[in-house]
Amino acid sequence: MLLFGTAGIPNSAKKDTFSGILRLRELNLDAMELEFVHGVKISHINAQKINTFANKNNISLSSHAPYYINLNSLEKEKIEASILRIIKTAEISHISGARNIVVHPGYYHNMDKLEVYNNIKNALKKVVQEIEKYNVVIRIETMGKISQFGSLEEVLNLSQDLGPKIMPCIDFAHLHARTIGKINSYNEFCKVIDDIQHKLGKEAIKDVHIHVSGIKYNEKGELHHLNFKESDFNYIDLIKALKDLEVEGMVICESPNLEEDALLLKNLYHN
Ligand SMILES: [Zn+2]
């Protein structure tokens, strides 16, 4: 079974987390990603209240760590600061009941890709040691620009090397943009799911975290997100592949229209 939700508060709700949860319940959606993308600014008490309220309304939560993270920064202090930001996100996400935490890992800076991989892996090792005590999983996102670390292979390898606290966030729109138009057919979507299963085991496709939206891209990859109906992204075949291969977990919609495309996906999935 897949749960469907929005990246942050739905557009049709008042701009606070509690109203967002209520609106999702009204719409019969299942999930919301807490957006800590500009910093983790909520208190422990509020995080606890959000947890209780989401539970009561049967809305599952995940979170998105700050954008200001680069685990391959050329400046050592910035790597340390990035590690601390992820740990802080993990602490608040744990209290909020948001188990999956999405992280943008960093940039290549024209360095050798294997060296970048090792830098990011070593930084994540430190994160793993600090978050053992929290009920969270760090989800390294597949990224849309070819200058960003985060191909499908890299993200799966990190998970394979670092164990169950580090898992992928498969952003299918980003994969499509990063490959300049590929990964957009039923067979290609099935291949992605098979790759996850081969590298991480069958459990991994029974506990996925997926991002999806329409997307605009050029030869460098992602430009910006779009609504499905304004883009070439083949969301219909994606849902078919996820359903046929019995993938389970959470699908977060990042189209600008948020809840409209999330509902489109949920309705396709159930019909
Ligand atoms: Zn993201």
# chains A, B, ... in the order shown; residues from 1 in each chain; ligands from 1
call {"tool": "closest_atom_pairs", "arguments": {"of": "chain A", "to": "ligand 1", "cutoff": "10 Å", "atoms": "only C-alpha atoms and all ligand atoms", "output": "JSON lines"}}
result
{"residue": "A:Ala7", "atom": "CA", "partner": "ligand 1", "partner_atom_place_in_ligand_line": "1 (Zn)", "distance": 9.2}
{"residue": "A:Glu35", "atom": "CA", "partner": "ligand 1", "partner_atom_place_in_ligand_line": "1 (Zn)", "distance": 9.5}
{"residue": "A:Val37", "atom": "CA", "partner": "ligand 1", "partner_atom_place_in_ligand_line": "1 (Zn)", "distance": 8.5}
{"residue": "A:Ser63", "atom": "CA", "partner": "ligand 1", "partner_atom_place_in_ligand_line": "1 (Zn)", "distance": 9.9}
{"residue": "A:His64", "atom": "CA", "partner": "ligand 1", "partner_atom_place_in_ligand_line": "1 (Zn)", "distance": 6.7}
{"residue": "A:Ala65", "atom": "CA", "partner": "ligand 1", "partner_atom_place_in_ligand_line": "1 (Zn)", "distance": 8.2}
{"residue": "A:Pro66", "atom": "CA", "partner": "ligand 1", "partner_atom_place_in_ligand_line": "1 (Zn)", "distance": 9.1}
{"residue": "A:Tyr67", "atom": "CA", "partner": "ligand 1", "partner_atom_place_in_ligand_line": "1 (Zn)", "distance": 7.9}
{"residue": "A:Ile101", "atom": "CA", "partner": "ligand 1", "partner_atom_place_in_ligand_line": "1 (Zn)", "distance": 10.0}
{"residue": "A:Val102", "atom": "CA", "partner": "ligand 1", "partner_atom_place_in_ligand_line": "1 (Zn)", "distance": 6.4}
{"residue": "A:Val103", "atom": "CA", "partner": "ligand 1", "partner_atom_place_in_ligand_line": "1 (Zn)", "distance": 6.6}
{"residue": "A:His104", "atom": "CA", "partner": "ligand 1", "partner_atom_place_in_ligand_line": "1 (Zn)", "distance": 6.0}
{"residue": "A:Pro105", "atom": "CA", "partner": "ligand 1", "partner_atom_place_in_ligand_line": "1 (Zn)", "distance": 9.7}
{"residue": "A:Arg139", "atom": "CA", "partner": "ligand 1", "partner_atom_place_in_ligand_line": "1 (Zn)", "distance": 9.8}
{"residue": "A:Ile140", "atom": "CA", "partner": "ligand 1", "partner_atom_place_in_ligand_line": "1 (Zn)", "distance": 8.9}
{"residue": "A:Glu141", "atom": "CA", "partner": "ligand 1", "partner_atom_place_in_ligand_line": "1 (Zn)", "distance": 6.4}
{"residue": "A:Thr142", "atom": "CA", "partner": "ligand 1", "partner_atom_place_in_ligand_line": "1 (Zn)", "distance": 8.4}
{"residue": "A:Met143", "atom": "CA", "partner": "ligand 1", "partner_atom_place_in_ligand_line": "1 (Zn)", "distance": 7.6}
{"residue": "A:Gly144", "atom": "CA", "partner": "ligand 1", "partner_atom_place_in_ligand_line": "1 (Zn)", "distance": 9.4}
{"residue": "A:Cys169", "atom": "CA", "partner": "ligand 1", "partner_atom_place_in_ligand_line": "1 (Zn)", "distance": 8.7}
{"residue": "A:Ile170", "atom": "CA", "partner": "ligand 1", "partner_atom_place_in_ligand_line": "1 (Zn)", "distance": 10.0}
{"residue": "A:Asp171", "atom": "CA", "partner": "ligand 1", "partner_atom_place_in_ligand_line": "1 (Zn)", "distance": 8.0}
{"residue": "A:His174", "atom": "CA", "partner": "ligand 1", "partner_atom_place_in_ligand_line": "1 (Zn)", "distance": 9.4}
{"residue": "A:His211", "atom": "CA", "partner": "ligand 1", "partner_atom_place_in_ligand_line": "1 (Zn)", "distance": 7.9}
{"residue": "A:Glu254", "atom": "CA", "partner": "ligand 1", "partner_atom_place_in_ligand_line": "1 (Zn)", "distance": 8.8}
call {"tool": "write_last_selection", "arguments": {"atoms": "N, CA and C atoms", "output": "JSON list (two decimals), in the first residue's frame"}}
result
[["chain", "number", "residue", "atom", "x", "y", "z"],
["A", 7, "ALA", "N", 4.32, 17.92, -0.22],
["A", 7, "ALA", "CA", 5.56, 18.50, 0.30],
["A", 7, "ALA", "C", 5.18, 19.81, 0.99],
["A", 35, "GLU", "N", 8.47, 20.77, 6.06],
["A", 35, "GLU", "CA", 9.53, 21.43, 5.30],
["A", 35, "GLU", "C", 10.43, 22.23, 6.23],
["A", 37, "VAL", "N", 13.22, 23.21, 5.22],
["A", 37, "VAL", "CA", 14.21, 23.53, 4.18],
["A", 37, "VAL", "C", 14.93, 24.86, 4.43],
["A", 63, "SER", "N", 9.95, 14.43, 6.87],
["A", 63, "SER", "CA", 10.50, 15.79, 6.92],
["A", 63, "SER", "C", 11.56, 15.98, 5.85],
["A", 64, "HIS", "N", 11.81, 17.24, 5.54],
["A", 64, "HIS", "CA", 12.86, 17.59, 4.58],
["A", 64, "HIS", "C", 13.88, 18.49, 5.28],
["A", 65, "ALA", "N", 15.12, 18.02, 5.33],
["A", 65, "ALA", "CA", 16.20, 18.76, 6.00],
["A", 65, "ALA", "C", 16.52, 20.06, 5.25],
["A", 66, "PRO", "N", 17.20, 21.00, 5.90],
["A", 66, "PRO", "CA", 17.53, 22.28, 5.25],
["A", 66, "PRO", "C", 18.29, 22.12, 3.92],
["A", 67, "TYR", "N", 18.03, 23.07, 3.02],
["A", 67, "TYR", "CA", 18.76, 23.08, 1.75],
["A", 67, "TYR", "C", 20.24, 23.40, 1.96],
["A", 101, "ILE", "N", 13.54, 11.31, 6.76],
["A", 101, "ILE", "CA", 14.10, 12.67, 6.65],
["A", 101, "ILE", "C", 14.85, 12.78, 5.33],
["A", 102, "VAL", "N", 14.37, 13.64, 4.45],
["A", 102, "VAL", "CA", 14.99, 13.77, 3.13],
["A", 102, "VAL", "C", 16.15, 14.77, 3.19],
["A", 103, "VAL", "N", 17.28, 14.37, 2.60],
["A", 103, "VAL", "CA", 18.49, 15.21, 2.62],
["A", 103, "VAL", "C", 19.04, 15.34, 1.20],
["A", 104, "HIS", "N", 19.39, 16.59, 0.82],
["A", 104, "HIS", "CA", 20.15, 16.84, -0.41],
["A", 104, "HIS", "C", 21.63, 16.74, -0.03],
["A", 105, "PRO", "N", 22.37, 15.77, -0.57],
["A", 105, "PRO", "CA", 23.71, 15.52, -0.02],
["A", 105, "PRO", "C", 24.79, 16.55, -0.35],
["A", 139, "ARG", "N", 16.99, 9.84, 4.34],
["A", 139, "ARG", "CA", 16.69, 9.48, 2.95],
["A", 139, "ARG", "C", 17.48, 10.39, 2.01],
["A", 140, "ILE", "N", 18.54, 9.85, 1.42],
["A", 140, "ILE", "CA", 19.36, 10.64, 0.50],
["A", 140, "ILE", "C", 18.63, 10.71, -0.84],
["A", 141, "GLU", "N", 18.39, 11.95, -1.30],
["A", 141, "GLU", "CA", 17.54, 12.16, -2.47],
["A", 141, "GLU", "C", 18.31, 12.02, -3.78],
["A", 142, "THR", "N", 17.68, 11.40, -4.77],
["A", 142, "THR", "CA", 18.22, 11.44, -6.13],
["A", 142, "THR", "C", 17.98, 12.86, -6.65],
["A", 143, "MET", "N", 19.06, 13.52, -7.13],
["A", 143, "MET", "CA", 19.00, 14.95, -7.43],
["A", 143, "MET", "C", 18.85, 15.22, -8.93],
["A", 144, "GLY", "N", 18.24, 16.35, -9.26],
["A", 144, "GLY", "CA", 17.85, 16.62, -10.64],
["A", 144, "GLY", "C", 18.89, 17.29, -11.52],
["A", 169, "CYS", "N", 15.79, 8.37, -1.04],
["A", 169, "CYS", "CA", 14.54, 9.03, -1.42],
["A", 169, "CYS", "C", 14.59, 9.06, -2.93],
["A", 170, "ILE", "N", 13.71, 8.29, -3.56],
["A", 170, "ILE", "CA", 13.72, 8.22, -5.02],
["A", 170, "ILE", "C", 12.84, 9.34, -5.56],
["A", 171, "ASP", "N", 13.48, 10.38, -6.10],
["A", 171, "ASP", "CA", 12.73, 11.46, -6.74],
["A", 171, "ASP", "C", 12.68, 11.14, -8.23],
["A", 174, "HIS", "N", 13.31, 14.02, -10.65],
["A", 174, "HIS", "CA", 14.74, 14.34, -10.73],
["A", 174, "HIS", "C", 15.49, 13.33, -11.60],
["A", 211, "HIS", "N", 9.62, 10.99, -4.08],
["A", 211, "HIS", "CA", 9.20, 12.34, -4.45],
["A", 211, "HIS", "C", 8.81, 12.32, -5.92],
["A", 254, "GLU", "N", 5.50, 17.00, -5.16],
["A", 254, "GLU", "CA", 6.17, 18.30, -5.12],
["A", 254, "GLU", "C", 5.80, 19.19, -6.30]]
call {"tool": "select_by_dssp", "arguments": {"residues": "stretch 28-165 of chain A", "states": "helix (DSSP H, G or I)", "output": "ChimeraX atom specification"}}
result
/A:44-56,76-96,113-131,152-162
call {"tool": "closest_residue", "arguments": {"among": "A:Ile146, A:Ile21, A:Ala262, A:Ile252", "to": "A:Tyr217", "atoms": "only C-alpha atoms"}}
result
A:Ile146
call {"tool": "closest_residue", "arguments": {"among": "A:Tyr107, A:Phe4, A:Tyr117, A:Tyr186", "to": "A:Asn70", "atoms": "only C-alpha atoms"}}
result
A:Tyr107
call {"tool": "residues_around", "arguments": {"residues": "stretch 26-30 of chain A", "least_positions_apart": "5", "cutoff": "10 Å", "atoms": "only C-alpha atoms", "output": "PDB file with N, CA and C atoms, in the first residue's frame"}}
result
ATOM      1  N   LEU A   2       0.522   2.210  -0.842  1.00  0.00           N
ATOM      2  CA  LEU A   2       1.253   3.482  -0.880  1.00  0.00           C
ATOM      3  C   LEU A   2       0.417   4.584  -0.240  1.00  0.00           C
ATOM      4  N   LEU A   3       1.091   5.444   0.525  1.00  0.00           N
ATOM      5  CA  LEU A   3       0.446   6.634   1.081  1.00  0.00           C
ATOM      6  C   LEU A   3       0.811   7.824   0.204  1.00  0.00           C
ATOM      7  N   PHE A   4      -0.129   8.740   0.025  1.00  0.00           N
ATOM      8  CA  PHE A   4       0.108   9.910  -0.827  1.00  0.00           C
ATOM      9  C   PHE A   4      -0.048  11.195  -0.027  1.00  0.00           C
ATOM     10  N   GLY A   5       0.880  12.116  -0.260  1.00  0.00           N
ATOM     11  CA  GLY A   5       0.802  13.372   0.478  1.00  0.00           C
ATOM     12  C   GLY A   5       1.520  14.514  -0.221  1.00  0.00           C
ATOM     13  N   THR A   6       1.617  15.615   0.491  1.00  0.00           N
ATOM     14  CA  THR A   6       2.162  16.849  -0.088  1.00  0.00           C
ATOM     15  C   THR A   6       3.494  17.232   0.561  1.00  0.00           C
ATOM     16  N   PRO A  10      -0.648  22.028   2.313  1.00  0.00           N
ATOM     17  CA  PRO A  10      -1.375  22.164   1.029  1.00  0.00           C
ATOM     18  C   PRO A  10      -1.694  23.638   0.731  1.00  0.00           C
ATOM     19  N   GLY A  20      -2.753  22.475   7.942  1.00  0.00           N
ATOM     20  CA  GLY A  20      -2.327  21.614   6.833  1.00  0.00           C
ATOM     21  C   GLY A  20      -2.777  20.179   7.051  1.00  0.00           C
ATOM     22  N   ILE A  21      -2.581  19.696   8.265  1.00  0.00           N
ATOM     23  CA  ILE A  21      -2.972  18.311   8.597  1.00  0.00           C
ATOM     24  C   ILE A  21      -4.496  18.141   8.454  1.00  0.00           C
ATOM     25  N   ASN A  57      -5.358  12.544  13.530  1.00  0.00           N
ATOM     26  CA  ASN A  57      -6.005  12.705  12.223  1.00  0.00           C
ATOM     27  C   ASN A  57      -5.541  11.676  11.190  1.00  0.00           C
ATOM     28  N   ASN A  58      -4.728  10.721  11.663  1.00  0.00           N
ATOM     29  CA  ASN A  58      -4.247   9.652  10.786  1.00  0.00           C
ATOM     30  C   ASN A  58      -3.505  10.174   9.550  1.00  0.00           C
ATOM     31  N   ILE A  59      -2.646  11.170   9.766  1.00  0.00           N
ATOM     32  CA  ILE A  59      -1.771  11.677   8.701  1.00  0.00           C
ATOM     33  C   ILE A  59      -0.333  11.294   9.056  1.00  0.00           C
ATOM     34  N   SER A  60       0.343  10.601   8.126  1.00  0.00           N
ATOM     35  CA  SER A  60       1.743  10.223   8.345  1.00  0.00           C
ATOM     36  C   SER A  60       2.649  11.401   8.006  1.00  0.00           C
ATOM     37  N   LEU A  61       3.715  11.556   8.772  1.00  0.00           N
ATOM     38  CA  LEU A  61       4.636  12.669   8.534  1.00  0.00           C
ATOM     39  C   LEU A  61       6.006  12.167   8.088  1.00  0.00           C
ATOM     40  N   MET A 250       5.748   5.723   1.035  1.00  0.00           N
ATOM     41  CA  MET A 250       5.179   7.067   0.981  1.00  0.00           C
ATOM     42  C   MET A 250       5.550   7.764  -0.326  1.00  0.00           C
ATOM     43  N   VAL A 251       4.557   8.418  -0.938  1.00  0.00           N
ATOM     44  CA  VAL A 251       4.787   9.200  -2.157  1.00  0.00           C
ATOM     45  C   VAL A 251       4.437  10.652  -1.849  1.00  0.00           C
ATOM     46  N   ILE A 252       5.440  11.530  -1.933  1.00  0.00           N
ATOM     47  CA  ILE A 252       5.230  12.945  -1.644  1.00  0.00           C
ATOM     48  C   ILE A 252       5.230  13.729  -2.953  1.00  0.00           C
ATOM     49  N   GLU A 259      -1.547  19.506  -3.581  1.00  0.00           N
ATOM     50  CA  GLU A 259      -2.609  18.545  -3.283  1.00  0.00           C
ATOM     51  C   GLU A 259      -3.370  18.107  -4.526  1.00  0.00           C
ATOM     52  N   GLU A 260      -3.433  18.964  -5.556  1.00  0.00           N
ATOM     53  CA  GLU A 260      -4.162  18.553  -6.766  1.00  0.00           C
ATOM     54  C   GLU A 260      -3.472  17.364  -7.429  1.00  0.00           C
ATOM     55  N   ALA A 262      -1.239  15.417  -6.000  1.00  0.00           N
ATOM     56  CA  ALA A 262      -1.204  14.294  -5.039  1.00  0.00           C
ATOM     57  C   ALA A 262      -2.497  13.482  -5.147  1.00  0.00           C
ATOM     58  N   LEU A 263      -3.617  14.187  -5.278  1.00  0.00           N
ATOM     59  CA  LEU A 263      -4.913  13.499  -5.417  1.00  0.00           C
ATOM     60  C   LEU A 263      -5.022  12.765  -6.745  1.00  0.00           C
ATOM     61  N   LYS A 266      -3.164   9.614  -6.207  1.00  0.00           N
ATOM     62  CA  LYS A 266      -3.865   8.687  -5.307  1.00  0.00           C
ATOM     63  C   LYS A 266      -5.062   8.059  -6.025  1.00  0.00           C
TER      64      LYS A 266
END
call {"tool": "residues_around", "arguments": {"residues": "A:Val192", "least_positions_apart": "3", "cutoff": "12 Å", "atoms": "only C-alpha atoms", "output": "PyMOL selection string"}}
result
chain A and resi 142+151-153+156+168+170-172+175-176+182-189+195-199+205+210+238+241-242+245+247
call {"tool": "atom_distance", "arguments": {"atom1": "atom CA of A:Lys243", "atom2": "atom CA of A:Asn271"}}
result
10.8 Å
call {"tool": "residues_around", "arguments": {"residues": "stretch 128-135 of chain A", "least_positions_apart": "4", "cutoff": "7 Å", "atoms": "only C-alpha atoms", "output": "list in words"}}
result
Ile87, Ala90, Glu91, His94, Arg99, Leu124 and Lys165 of chain A
